[in-house]
Amino acid sequence: MANVLCIGAGYVGGPTMAVIAKYCPEHQITIVDINPERIAQWNSDDLPIYEPGLLDVVQEVRGRNLFFSTDIDKKIREADIIFVAINTPTKTYGEGAGRGTDLQYWEQTARAILANTQKKNVIVVEKSTLPVRASAAMDRILHSEQTNTQFEVISNPEFLAEGTAIKDLNDPDRVLIGGSDTESGKKACQTVADLYAHWVPREKILLTNVWSSELSKLFANAMLAQRISSINSITALCEKTGADITEVSHAIGMDQRIGSQFLQASIGFGGSCFRKDILHLAYLCEHYGFPEVAEYWDSVVRMNEYQTSRFFKTILTSQFNSLAGKKNAIFGFAFKPDTGDTRDTPALLLCQKLLGEHAAISITDPKALKNAKIDLADMEGDITFEPDPYKAAEGAHSLVLVTHWEEYRQLDYQRIFESMAKPAFVYDGRNHLDHQKLFEIGFNVFPLGKLPLSHLE
Ligand code: UDX
Ligand code: UDX
């Protein structure tokens, strides 16, 4: 039996540890966090994050072999294996501002581990996405003082996506574990591999060197984001030529060398990882003297911002270049469906641009209104938050779909149309709705990467 600790009770730490606890009943798993409110929420049935299936798993294991605590120092003293899943935001100050990763919390955590640990052998597992060679810094700090502990730092990045976290954790494509080539390094990797082997087939558990593991995580996110920017870059051309992006995606995705996933055109990708990780990858390339490589990856982020701006311009120009005083209903603020998370959501840039035109915005979202209010707290303008999508659309000139929540497909669009100002517009930033049907109801429909369906020309 091992005492497993996770520092950081966020989107990554919470679900990952709950699933490990479920499959490893003989181990005691504890999650700690500096934020007492978060821990209190994890100890209630009002969890701090929304994730389908998460509450069931937490209820099954909480109090059995999963515990949440704020007593970080004490729990470090008891731990044999310490996962570190704290957030690693983009640096906002000094050298590398806006690009590099802010490692101050990471370093503080390393120092807290060093100051408190008491076991003879302790494995420290990097769960957070980190710059390549971050584990070397962790290792140096942990060995900066003489202690009785033998530390082994390994990398075990998490590939779960929000909204499908429990499914991804239950059935991962692979589990990646990177460690040093020494005897104790190999043993530490094996110990962590044995945890996952409770439910993941051994052939899906990859053992690599530590740098490969760190870089694979950064690069996986960069590749996924690049696919989205690539498909989004072509939507502009589709709208001018009459090619249909859905047909194009389908046609190229049937080529097994390309594959069909992550080819869904959108208003832009969001989430806490893609932008941050690409910027960091580019920063690393620059640091090591490869400006051309940095420029290549930076362009993926630029294309993403361009896509959101282009979508906004369609809204502006199609409504006769004047949005001042007109209400626009924003359907969805989360960066993707099935989550309340709004970090780096394209909805924010879009709303800022609409408010810049003095448009009124009424935001609706099944799970993200709380975060939307925080994100827009400093913005001036006519902003309302409305849980009921029908009310959000009442009197609006346009309905702008940002997040493809399944329930938005089921709404009564005839009723919505009747309650809106005319001419009524729909802008579908995810190609999620039935455009022909909306057009027949009377809407002027602006999809992405397809010709508009308009009654006005
Ligand atoms: C993720 C991933 O872990 C990381 O790989 C990615 O790079 C960014 O975000 P996530 O779980 O989504 O982290 O972050 P978040 O939900 O913000 O959770 C991090 C938690 O760590 C917070 O609850 C925060 O309070 C806690 N924390 C942070 C600590 O307990 N100690 C610290 O020093 C800093
Ligand atoms: C991502 C990675 O998928 C995951 O492996 C990693 O651990 C964390 O970052 P996440 O950000 O939670 O996960 O969600 P993801 O499903 O990857 O979507 C990211 C963004 O891309 C969302 O805004 C989504 O709507 C958008 N997206 C995704 C598209 O615009 N088109 C697509 O085809 C797929």
# chains A, B, ... in the order shown; residues from 1 in each chain; ligands from 1
>>> residues_near_ligand(ligand="ligand 1", cutoff="8 Å", atoms="only C-alpha atoms and all ligand atoms", output="JSON, numbers by chain")
{"A": [7, 8, 9, 10, 11, 12, 13, 14, 32, 33, 34, 35, 38, 84, 85, 86, 87, 88, 89, 104, 105, 106, 108, 109, 127, 128, 129, 130, 157, 158, 272, 273, 276, 277]}
>>> write_last_selection(atoms="N, CA and C atoms", output="mmCIF file, in the first residue's frame")
data_model
loop_
_atom_site.group_PDB
_atom_site.id
_atom_site.type_symbol
_atom_site.label_atom_id
_atom_site.label_comp_id
_atom_site.auth_asym_id
_atom_site.auth_seq_id
_atom_site.Cartn_x
_atom_site.Cartn_y
_atom_site.Cartn_z
ATOM 1 N N ILE A 7 -0.780 17.320 -5.401
ATOM 2 C CA ILE A 7 -0.834 18.738 -5.048
ATOM 3 C C ILE A 7 -1.496 19.467 -6.223
ATOM 4 N N GLY A 8 -2.632 20.115 -5.962
ATOM 5 C CA GLY A 8 -3.394 20.793 -7.025
ATOM 6 C C GLY A 8 -4.691 20.058 -7.298
ATOM 7 N N ALA A 9 -5.812 20.646 -6.815
ATOM 8 C CA ALA A 9 -7.124 19.988 -6.945
ATOM 9 C C ALA A 9 -7.923 20.653 -8.062
ATOM 10 N N GLY A 10 -7.336 20.724 -9.255
ATOM 11 C CA GLY A 10 -8.012 21.402 -10.366
ATOM 12 C C GLY A 10 -8.623 20.434 -11.356
ATOM 13 N N TYR A 11 -8.739 20.893 -12.602
ATOM 14 C CA TYR A 11 -9.339 20.100 -13.676
ATOM 15 C C TYR A 11 -8.538 18.820 -13.939
ATOM 16 N N VAL A 12 -7.233 18.890 -13.697
ATOM 17 C CA VAL A 12 -6.400 17.717 -13.941
ATOM 18 C C VAL A 12 -6.296 16.857 -12.682
ATOM 19 N N GLY A 13 -5.872 17.483 -11.578
ATOM 20 C CA GLY A 13 -5.638 16.720 -10.343
ATOM 21 C C GLY A 13 -6.884 16.009 -9.843
ATOM 22 N N GLY A 14 -8.016 16.708 -9.788
ATOM 23 C CA GLY A 14 -9.237 16.130 -9.211
ATOM 24 C C GLY A 14 -9.693 14.868 -9.941
ATOM 25 N N VAL A 32 -4.401 17.684 -2.147
ATOM 26 C CA VAL A 32 -4.319 18.923 -1.365
ATOM 27 C C VAL A 32 -4.301 20.126 -2.302
ATOM 28 N N ASP A 33 -4.648 21.269 -1.739
ATOM 29 C CA ASP A 33 -4.669 22.496 -2.543
ATOM 30 C C ASP A 33 -4.499 23.686 -1.607
ATOM 31 N N ILE A 34 -3.856 24.748 -2.102
ATOM 32 C CA ILE A 34 -3.705 25.943 -1.269
ATOM 33 C C ILE A 34 -5.034 26.684 -1.117
ATOM 34 N N ASN A 35 -5.994 26.344 -1.943
ATOM 35 C CA ASN A 35 -7.269 27.064 -1.927
ATOM 36 C C ASN A 35 -8.300 26.304 -1.076
ATOM 37 N N ARG A 38 -11.816 25.546 -2.600
ATOM 38 C CA ARG A 38 -11.830 24.436 -3.564
ATOM 39 C C ARG A 38 -11.916 23.095 -2.845
ATOM 40 N N VAL A 84 2.291 16.279 -8.941
ATOM 41 C CA VAL A 84 2.152 17.739 -8.882
ATOM 42 C C VAL A 84 1.304 18.176 -10.081
ATOM 43 N N ALA A 85 0.095 18.648 -9.781
ATOM 44 C CA ALA A 85 -0.859 19.025 -10.847
ATOM 45 C C ALA A 85 -1.320 20.459 -10.643
ATOM 46 N N ILE A 86 -0.373 21.317 -10.286
ATOM 47 C CA ILE A 86 -0.739 22.731 -10.107
ATOM 48 C C ILE A 86 -0.749 23.409 -11.483
ATOM 49 N N ASN A 87 -1.401 24.560 -11.553
ATOM 50 C CA ASN A 87 -1.461 25.231 -12.851
ATOM 51 C C ASN A 87 -0.117 25.876 -13.182
ATOM 52 N N THR A 88 0.171 25.932 -14.462
ATOM 53 C CA THR A 88 1.457 26.469 -14.928
ATOM 54 C C THR A 88 1.153 27.547 -15.963
ATOM 55 N N PRO A 89 0.685 28.712 -15.503
ATOM 56 C CA PRO A 89 0.200 29.731 -16.442
ATOM 57 C C PRO A 89 1.314 30.390 -17.260
ATOM 58 N N GLN A 104 6.837 30.036 -10.814
ATOM 59 C CA GLN A 104 7.041 30.358 -9.399
ATOM 60 C C GLN A 104 6.316 29.385 -8.472
ATOM 61 N N TYR A 105 5.095 28.957 -8.847
ATOM 62 C CA TYR A 105 4.349 28.042 -7.969
ATOM 63 C C TYR A 105 4.983 26.657 -7.993
ATOM 64 N N TRP A 106 5.490 26.342 -9.159
ATOM 65 C CA TRP A 106 6.172 25.065 -9.335
ATOM 66 C C TRP A 106 7.380 24.991 -8.386
ATOM 67 N N GLN A 108 7.927 26.866 -5.690
ATOM 68 C CA GLN A 108 7.477 26.887 -4.289
ATOM 69 C C GLN A 108 7.037 25.497 -3.849
ATOM 70 N N THR A 109 6.374 24.795 -4.751
ATOM 71 C CA THR A 109 5.915 23.445 -4.430
ATOM 72 C C THR A 109 7.110 22.517 -4.208
ATOM 73 N N LYS A 127 2.737 16.145 -13.236
ATOM 74 C CA LYS A 127 1.481 15.908 -13.938
ATOM 75 C C LYS A 127 1.148 17.128 -14.796
ATOM 76 N N SER A 128 1.439 18.313 -14.257
ATOM 77 C CA SER A 128 1.198 19.545 -15.020
ATOM 78 C C SER A 128 2.022 19.534 -16.305
ATOM 79 N N THR A 129 1.521 20.223 -17.312
ATOM 80 C CA THR A 129 2.308 20.406 -18.535
ATOM 81 C C THR A 129 3.393 21.436 -18.251
ATOM 82 N N LEU A 130 4.607 21.093 -18.599
ATOM 83 C CA LEU A 130 5.734 21.950 -18.219
ATOM 84 C C LEU A 130 6.685 22.119 -19.376
ATOM 85 N N PRO A 157 2.688 13.181 -18.061
ATOM 86 C CA PRO A 157 1.715 14.194 -18.488
ATOM 87 C C PRO A 157 0.318 13.619 -18.654
ATOM 88 N N GLU A 158 -0.668 14.494 -18.502
ATOM 89 C CA GLU A 158 -2.062 14.071 -18.590
ATOM 90 C C GLU A 158 -2.642 14.519 -19.927
ATOM 91 N N SER A 272 -7.465 25.917 -21.534
ATOM 92 C CA SER A 272 -6.307 26.400 -20.774
ATOM 93 C C SER A 272 -4.992 25.959 -21.396
ATOM 94 N N CYS A 273 -5.035 25.052 -22.361
ATOM 95 C CA CYS A 273 -3.767 24.432 -22.787
ATOM 96 C C CYS A 273 -3.219 24.875 -24.143
ATOM 97 N N LYS A 276 -1.478 28.416 -24.546
ATOM 98 C CA LYS A 276 -0.351 28.485 -23.605
ATOM 99 C C LYS A 276 0.797 27.562 -24.040
ATOM 100 N N ASP A 277 0.445 26.357 -24.429
ATOM 101 C CA ASP A 277 1.497 25.389 -24.739
ATOM 102 C C ASP A 277 2.202 25.720 -26.058
#
>>> residues_near_ligand(ligand="ligand 2", cutoff="7 Å", atoms="only C-alpha atoms and all ligand atoms", output="PyMOL selection string")
chain A and resi 158-163+221+224-225+228+261-274+335-336+345
>>> write_last_selection(atoms="N, CA, C and O atoms", output="CSV table (one decimal), in the first residue's frame")
chain,number,residue,atom,x,y,z
A,158,GLU,N,-0.7,14.5,-18.5
A,158,GLU,CA,-2.1,14.1,-18.6
A,158,GLU,C,-2.6,14.5,-19.9
A,158,GLU,O,-2.5,15.7,-20.3
A,159,PHE,N,-3.3,13.6,-20.6
A,159,PHE,CA,-3.8,13.9,-21.9
A,159,PHE,C,-5.4,14.1,-21.9
A,159,PHE,O,-6.0,14.2,-23.0
A,160,LEU,N,-6.0,14.0,-20.8
A,160,LEU,CA,-7.5,14.1,-20.7
A,160,LEU,C,-7.9,15.4,-21.4
A,160,LEU,O,-7.3,16.4,-21.3
A,161,ALA,N,-9.1,15.3,-22.0
A,161,ALA,CA,-9.7,16.6,-22.5
A,161,ALA,C,-10.9,16.9,-21.6
A,161,ALA,O,-11.6,15.9,-21.1
A,162,GLU,N,-11.2,18.1,-21.4
A,162,GLU,CA,-12.3,18.5,-20.6
A,162,GLU,C,-13.6,18.1,-21.2
A,162,GLU,O,-13.7,18.1,-22.5
A,163,GLY,N,-14.6,17.8,-20.4
A,163,GLY,CA,-15.9,17.3,-21.0
A,163,GLY,C,-15.9,15.8,-21.2
A,163,GLY,O,-17.0,15.2,-21.1
A,221,ASN,N,-0.3,18.8,-27.9
A,221,ASN,CA,-1.2,19.9,-27.9
A,221,ASN,C,-1.0,20.8,-29.1
A,221,ASN,O,-2.0,21.3,-29.7
A,224,LEU,N,-2.4,19.1,-32.2
A,224,LEU,CA,-3.9,19.2,-32.2
A,224,LEU,C,-4.4,20.6,-32.6
A,224,LEU,O,-5.3,20.7,-33.4
A,225,ALA,N,-3.8,21.6,-32.0
A,225,ALA,CA,-4.2,23.0,-32.3
A,225,ALA,C,-3.9,23.3,-33.7
A,225,ALA,O,-4.7,24.0,-34.4
A,228,ILE,N,-6.6,22.3,-36.0
A,228,ILE,CA,-7.8,23.1,-36.0
A,228,ILE,C,-7.5,24.4,-36.8
A,228,ILE,O,-8.3,24.9,-37.6
A,261,GLN,N,-10.4,13.0,-37.1
A,261,GLN,CA,-10.7,13.7,-35.9
A,261,GLN,C,-10.0,15.1,-35.9
A,261,GLN,O,-9.0,15.3,-36.6
A,262,PHE,N,-10.6,16.0,-35.1
A,262,PHE,CA,-10.1,17.4,-35.0
A,262,PHE,C,-10.0,18.1,-36.3
A,262,PHE,O,-9.1,18.8,-36.6
A,263,LEU,N,-11.0,17.9,-37.1
A,263,LEU,CA,-11.2,18.6,-38.3
A,263,LEU,C,-12.5,19.4,-38.3
A,263,LEU,O,-13.0,19.7,-39.4
A,264,GLN,N,-13.0,19.7,-37.2
A,264,GLN,CA,-14.2,20.5,-37.1
A,264,GLN,C,-13.9,22.0,-37.1
A,264,GLN,O,-13.3,22.5,-36.1
A,265,ALA,N,-14.4,22.6,-38.1
A,265,ALA,CA,-14.1,24.1,-38.2
A,265,ALA,C,-14.8,24.8,-37.1
A,265,ALA,O,-15.9,24.4,-36.6
A,266,SER,N,-14.2,25.9,-36.6
A,266,SER,CA,-14.8,26.6,-35.5
A,266,SER,C,-14.4,28.0,-35.5
A,266,SER,O,-13.6,28.5,-36.2
A,267,ILE,N,-15.1,28.8,-34.6
A,267,ILE,CA,-14.8,30.2,-34.3
A,267,ILE,C,-13.4,30.3,-33.8
A,267,ILE,O,-12.8,31.4,-33.8
A,268,GLY,N,-12.8,29.2,-33.3
A,268,GLY,CA,-11.4,29.2,-32.8
A,268,GLY,C,-11.3,28.2,-31.6
A,268,GLY,O,-12.3,28.0,-31.0
A,269,PHE,N,-10.1,27.7,-31.4
A,269,PHE,CA,-10.0,26.8,-30.2
A,269,PHE,C,-9.8,27.7,-29.0
A,269,PHE,O,-9.3,28.8,-29.0
A,270,GLY,N,-10.2,27.1,-27.8
A,270,GLY,CA,-9.9,27.7,-26.5
A,270,GLY,C,-9.4,26.7,-25.6
A,270,GLY,O,-8.9,25.6,-26.0
A,271,GLY,N,-9.5,27.0,-24.3
A,271,GLY,CA,-9.1,26.1,-23.3
A,271,GLY,C,-7.8,26.5,-22.7
A,271,GLY,O,-7.1,27.3,-23.3
A,272,SER,N,-7.5,25.9,-21.5
A,272,SER,CA,-6.3,26.4,-20.8
A,272,SER,C,-5.0,26.0,-21.4
A,272,SER,O,-3.9,26.4,-21.0
A,273,CYS,N,-5.0,25.1,-22.4
A,273,CYS,CA,-3.8,24.4,-22.8
A,273,CYS,C,-3.2,24.9,-24.1
A,273,CYS,O,-2.0,25.2,-24.3
A,274,PHE,N,-4.1,24.9,-25.2
A,274,PHE,CA,-3.5,25.0,-26.5
A,274,PHE,C,-2.7,26.2,-26.7
A,274,PHE,O,-1.5,26.2,-27.1
A,335,PHE,N,-15.5,27.1,-23.4
A,335,PHE,CA,-14.6,27.0,-24.6
A,335,PHE,C,-15.0,25.7,-25.4
A,335,PHE,O,-14.6,25.6,-26.5
A,336,LYS,N,-15.8,24.8,-24.8
A,336,LYS,CA,-16.3,23.7,-25.5
A,336,LYS,C,-17.5,23.2,-24.7
A,336,LYS,O,-17.7,23.6,-23.5
A,345,THR,N,-11.5,31.1,-23.7
A,345,THR,CA,-12.6,30.8,-24.7
A,345,THR,C,-12.7,31.9,-25.8
A,345,THR,O,-12.5,33.1,-25.5
>>> closest_residue(among="A:Asn170, A:Ser69, A:Ser398, A:Gln226", to="Thr314 of chain A", atoms="only C-alpha atoms")
A:Ser398
>>> closest_residue(among="A:Ala377, A:Leu237, A:Ile113, A:Ile361", to="Gly395 of chain A", atoms="only C-alpha atoms")
A:Ile361
>>> atom_distance(atom1="atom CA of Val445 of chain A", atom2="atom CA of Ser229 of chain A")
23.2 Å
>>> closest_residue(among="A:Ser155, A:Lys119, A:Gly442, A:Gly325", to="Asp80 of chain A", atoms="only C-alpha atoms")
A:Lys119
>>> closest_residue(among="A:Asn65, A:Asn43, A:Gln118, A:Thr16", to="Asn156 of chain A", atoms="only C-alpha atoms")
A:Thr16
>>> residues_around(residues="Tyr408 of chain A", least_positions_apart="2", cutoff="10 Å", atoms="only C-alpha atoms", output="list in words")
Phe331, Gly332, Asp365, Pro366, Pro389, Leu401, Thr403, His404, Trp405, Glu406, Gln410, Leu411, Asp412, Tyr413, His432 and Leu433 of chain A
>>> residues_around(residues="Ile123 of chain A", least_positions_apart="2", cutoff="10 Å", atoms="only C-alpha atoms", output="VMD selection string")
chain A and resid 4 79 to 83 121 125 to 126 150 to 154 184 to 185 187 to 189 191 to 192
>>> closest_residue(among="A:Asp344, A:Glu239, A:Asp173, A:Asp168", to="Phe446 of chain A", atoms="only C-alpha atoms")
A:Glu239
>>> residues_around(residues="Ala21 of chain A", least_positions_apart="3", cutoff="7 Å", atoms="only C-alpha atoms", output="JSON list (two decimals) with N, CA, C and O atoms, in the first residue's frame")
[["chain", "number", "residue", "atom", "x", "y", "z"],
["A", 17, "MET", "N", -7.02, 11.83, -10.00],
["A", 17, "MET", "CA", -6.83, 11.11, -8.74],
["A", 17, "MET", "C", -8.09, 10.33, -8.35],
["A", 17, "MET", "O", -8.00, 9.26, -7.76],
["A", 18, "ALA", "N", -9.25, 10.88, -8.69],
["A", 18, "ALA", "CA", -10.48, 10.15, -8.38],
["A", 18, "ALA", "C", -10.50, 8.81, -9.12],
["A", 18, "ALA", "O", -10.86, 7.77, -8.56],
["A", 24, "CYS", "N", -7.55, 1.66, -7.71],
["A", 24, "CYS", "CA", -6.47, 1.19, -6.81],
["A", 24, "CYS", "C", -6.95, 1.27, -5.37],
["A", 24, "CYS", "O", -6.44, 2.09, -4.58],
["A", 25, "PRO", "N", -7.92, 0.44, -4.99],
["A", 25, "PRO", "CA", -8.51, 0.58, -3.65],
["A", 25, "PRO", "C", -7.53, 0.33, -2.52],
["A", 25, "PRO", "O", -7.76, 0.78, -1.40],
["A", 29, "ILE", "N", -5.23, 7.73, -1.41],
["A", 29, "ILE", "CA", -4.96, 8.87, -2.29],
["A", 29, "ILE", "C", -5.47, 10.15, -1.61],
["A", 29, "ILE", "O", -6.63, 10.20, -1.19],
["A", 61, "VAL", "N", -15.59, 6.90, -4.14],
["A", 61, "VAL", "CA", -14.28, 6.69, -3.49],
["A", 61, "VAL", "C", -13.97, 7.67, -2.35],
["A", 61, "VAL", "O", -13.10, 7.38, -1.51],
["A", 65, "ASN", "N", -10.88, 5.68, -0.07],
["A", 65, "ASN", "CA", -9.43, 5.84, -0.23],
["A", 65, "ASN", "C", -9.08, 7.11, -0.99],
["A", 65, "ASN", "O", -8.01, 7.25, -1.54],
["A", 66, "LEU", "N", -10.03, 8.04, -1.05],
["A", 66, "LEU", "CA", -9.74, 9.36, -1.63],
["A", 66, "LEU", "C", -10.12, 10.43, -0.61],
["A", 66, "LEU", "O", -11.25, 10.44, -0.11]]
>>> residues_around(residues="Leu215 of chain A", least_positions_apart="6", cutoff="9 Å", atoms="only C-alpha atoms", output="list of chain:residue names")
A:Leu130, A:Pro131, A:Val132, A:Arg133, A:Leu281
>>> decode(residues="segment 72-94 of chain A", atoms="N, CA and C atoms", output="mmCIF file, in the first residue's frame")
data_model
loop_
_atom_site.group_PDB
_atom_site.id
_atom_site.type_symbol
_atom_site.label_atom_id
_atom_site.label_comp_id
_atom_site.auth_asym_id
_atom_site.auth_seq_id
_atom_site.Cartn_x
_atom_site.Cartn_y
_atom_site.Cartn_z
ATOM 1 N N ILE A 72 -1.212 20.776 3.531
ATOM 2 C CA ILE A 72 -0.238 20.346 2.527
ATOM 3 C C ILE A 72 1.017 19.759 3.187
ATOM 4 N N ASP A 73 1.553 20.462 4.191
ATOM 5 C CA ASP A 73 2.813 20.022 4.797
ATOM 6 C C ASP A 73 2.679 18.631 5.410
ATOM 7 N N LYS A 74 1.585 18.427 6.149
ATOM 8 C CA LYS A 74 1.392 17.126 6.818
ATOM 9 C C LYS A 74 1.262 16.008 5.783
ATOM 10 N N LYS A 75 0.514 16.300 4.744
ATOM 11 C CA LYS A 75 0.289 15.251 3.741
ATOM 12 C C LYS A 75 1.573 14.946 2.960
ATOM 13 N N ILE A 76 2.414 15.956 2.786
ATOM 14 C CA ILE A 76 3.713 15.699 2.137
ATOM 15 C C ILE A 76 4.536 14.754 3.019
ATOM 16 N N ARG A 77 4.474 14.974 4.330
ATOM 17 C CA ARG A 77 5.258 14.124 5.250
ATOM 18 C C ARG A 77 4.893 12.648 5.097
ATOM 19 N N GLU A 78 3.612 12.396 4.827
ATOM 20 C CA GLU A 78 3.136 11.006 4.785
ATOM 21 C C GLU A 78 3.286 10.346 3.405
ATOM 22 N N ALA A 79 3.648 11.138 2.389
ATOM 23 C CA ALA A 79 3.503 10.637 1.009
ATOM 24 C C ALA A 79 4.703 9.846 0.501
ATOM 25 N N ASP A 80 4.392 8.772 -0.246
ATOM 26 C CA ASP A 80 5.429 8.010 -0.950
ATOM 27 C C ASP A 80 5.547 8.479 -2.405
ATOM 28 N N ILE A 81 4.397 8.813 -2.979
ATOM 29 C CA ILE A 81 4.364 9.267 -4.382
ATOM 30 C C ILE A 81 3.625 10.612 -4.395
ATOM 31 N N ILE A 82 4.246 11.637 -4.976
ATOM 32 C CA ILE A 82 3.610 12.961 -4.990
ATOM 33 C C ILE A 82 3.393 13.406 -6.438
ATOM 34 N N PHE A 83 2.146 13.449 -6.863
ATOM 35 C CA PHE A 83 1.821 14.018 -8.171
ATOM 36 C C PHE A 83 1.713 15.537 -8.010
ATOM 37 N N VAL A 84 2.291 16.279 -8.941
ATOM 38 C CA VAL A 84 2.152 17.739 -8.882
ATOM 39 C C VAL A 84 1.304 18.176 -10.081
ATOM 40 N N ALA A 85 0.095 18.648 -9.781
ATOM 41 C CA ALA A 85 -0.859 19.025 -10.847
ATOM 42 C C ALA A 85 -1.320 20.459 -10.643
ATOM 43 N N ILE A 86 -0.373 21.317 -10.286
ATOM 44 C CA ILE A 86 -0.739 22.731 -10.107
ATOM 45 C C ILE A 86 -0.749 23.409 -11.483
ATOM 46 N N ASN A 87 -1.401 24.560 -11.553
ATOM 47 C CA ASN A 87 -1.461 25.231 -12.851
ATOM 48 C C ASN A 87 -0.117 25.876 -13.182
ATOM 49 N N THR A 88 0.171 25.932 -14.462
ATOM 50 C CA THR A 88 1.457 26.469 -14.928
ATOM 51 C C THR A 88 1.153 27.547 -15.963
ATOM 52 N N PRO A 89 0.685 28.712 -15.503
ATOM 53 C CA PRO A 89 0.200 29.731 -16.442
ATOM 54 C C PRO A 89 1.314 30.390 -17.260
ATOM 55 N N THR A 90 0.898 31.095 -18.290
ATOM 56 C CA THR A 90 1.854 31.888 -19.066
ATOM 57 C C THR A 90 2.339 33.039 -18.196
ATOM 58 N N LYS A 91 3.617 33.321 -18.290
ATOM 59 C CA LYS A 91 4.211 34.400 -17.494
ATOM 60 C C LYS A 91 3.656 35.752 -17.951
ATOM 61 N N THR A 92 3.330 36.617 -17.011
ATOM 62 C CA THR A 92 2.752 37.910 -17.403
ATOM 63 C C THR A 92 3.720 39.065 -17.162
ATOM 64 N N TYR A 93 4.925 38.769 -16.723
ATOM 65 C CA TYR A 93 5.859 39.839 -16.359
ATOM 66 C C TYR A 93 7.279 39.412 -16.752
ATOM 67 N N GLY A 94 8.173 40.418 -16.824
ATOM 68 C CA GLY A 94 9.605 40.144 -16.984
ATOM 69 C C GLY A 94 9.975 39.397 -18.247
#
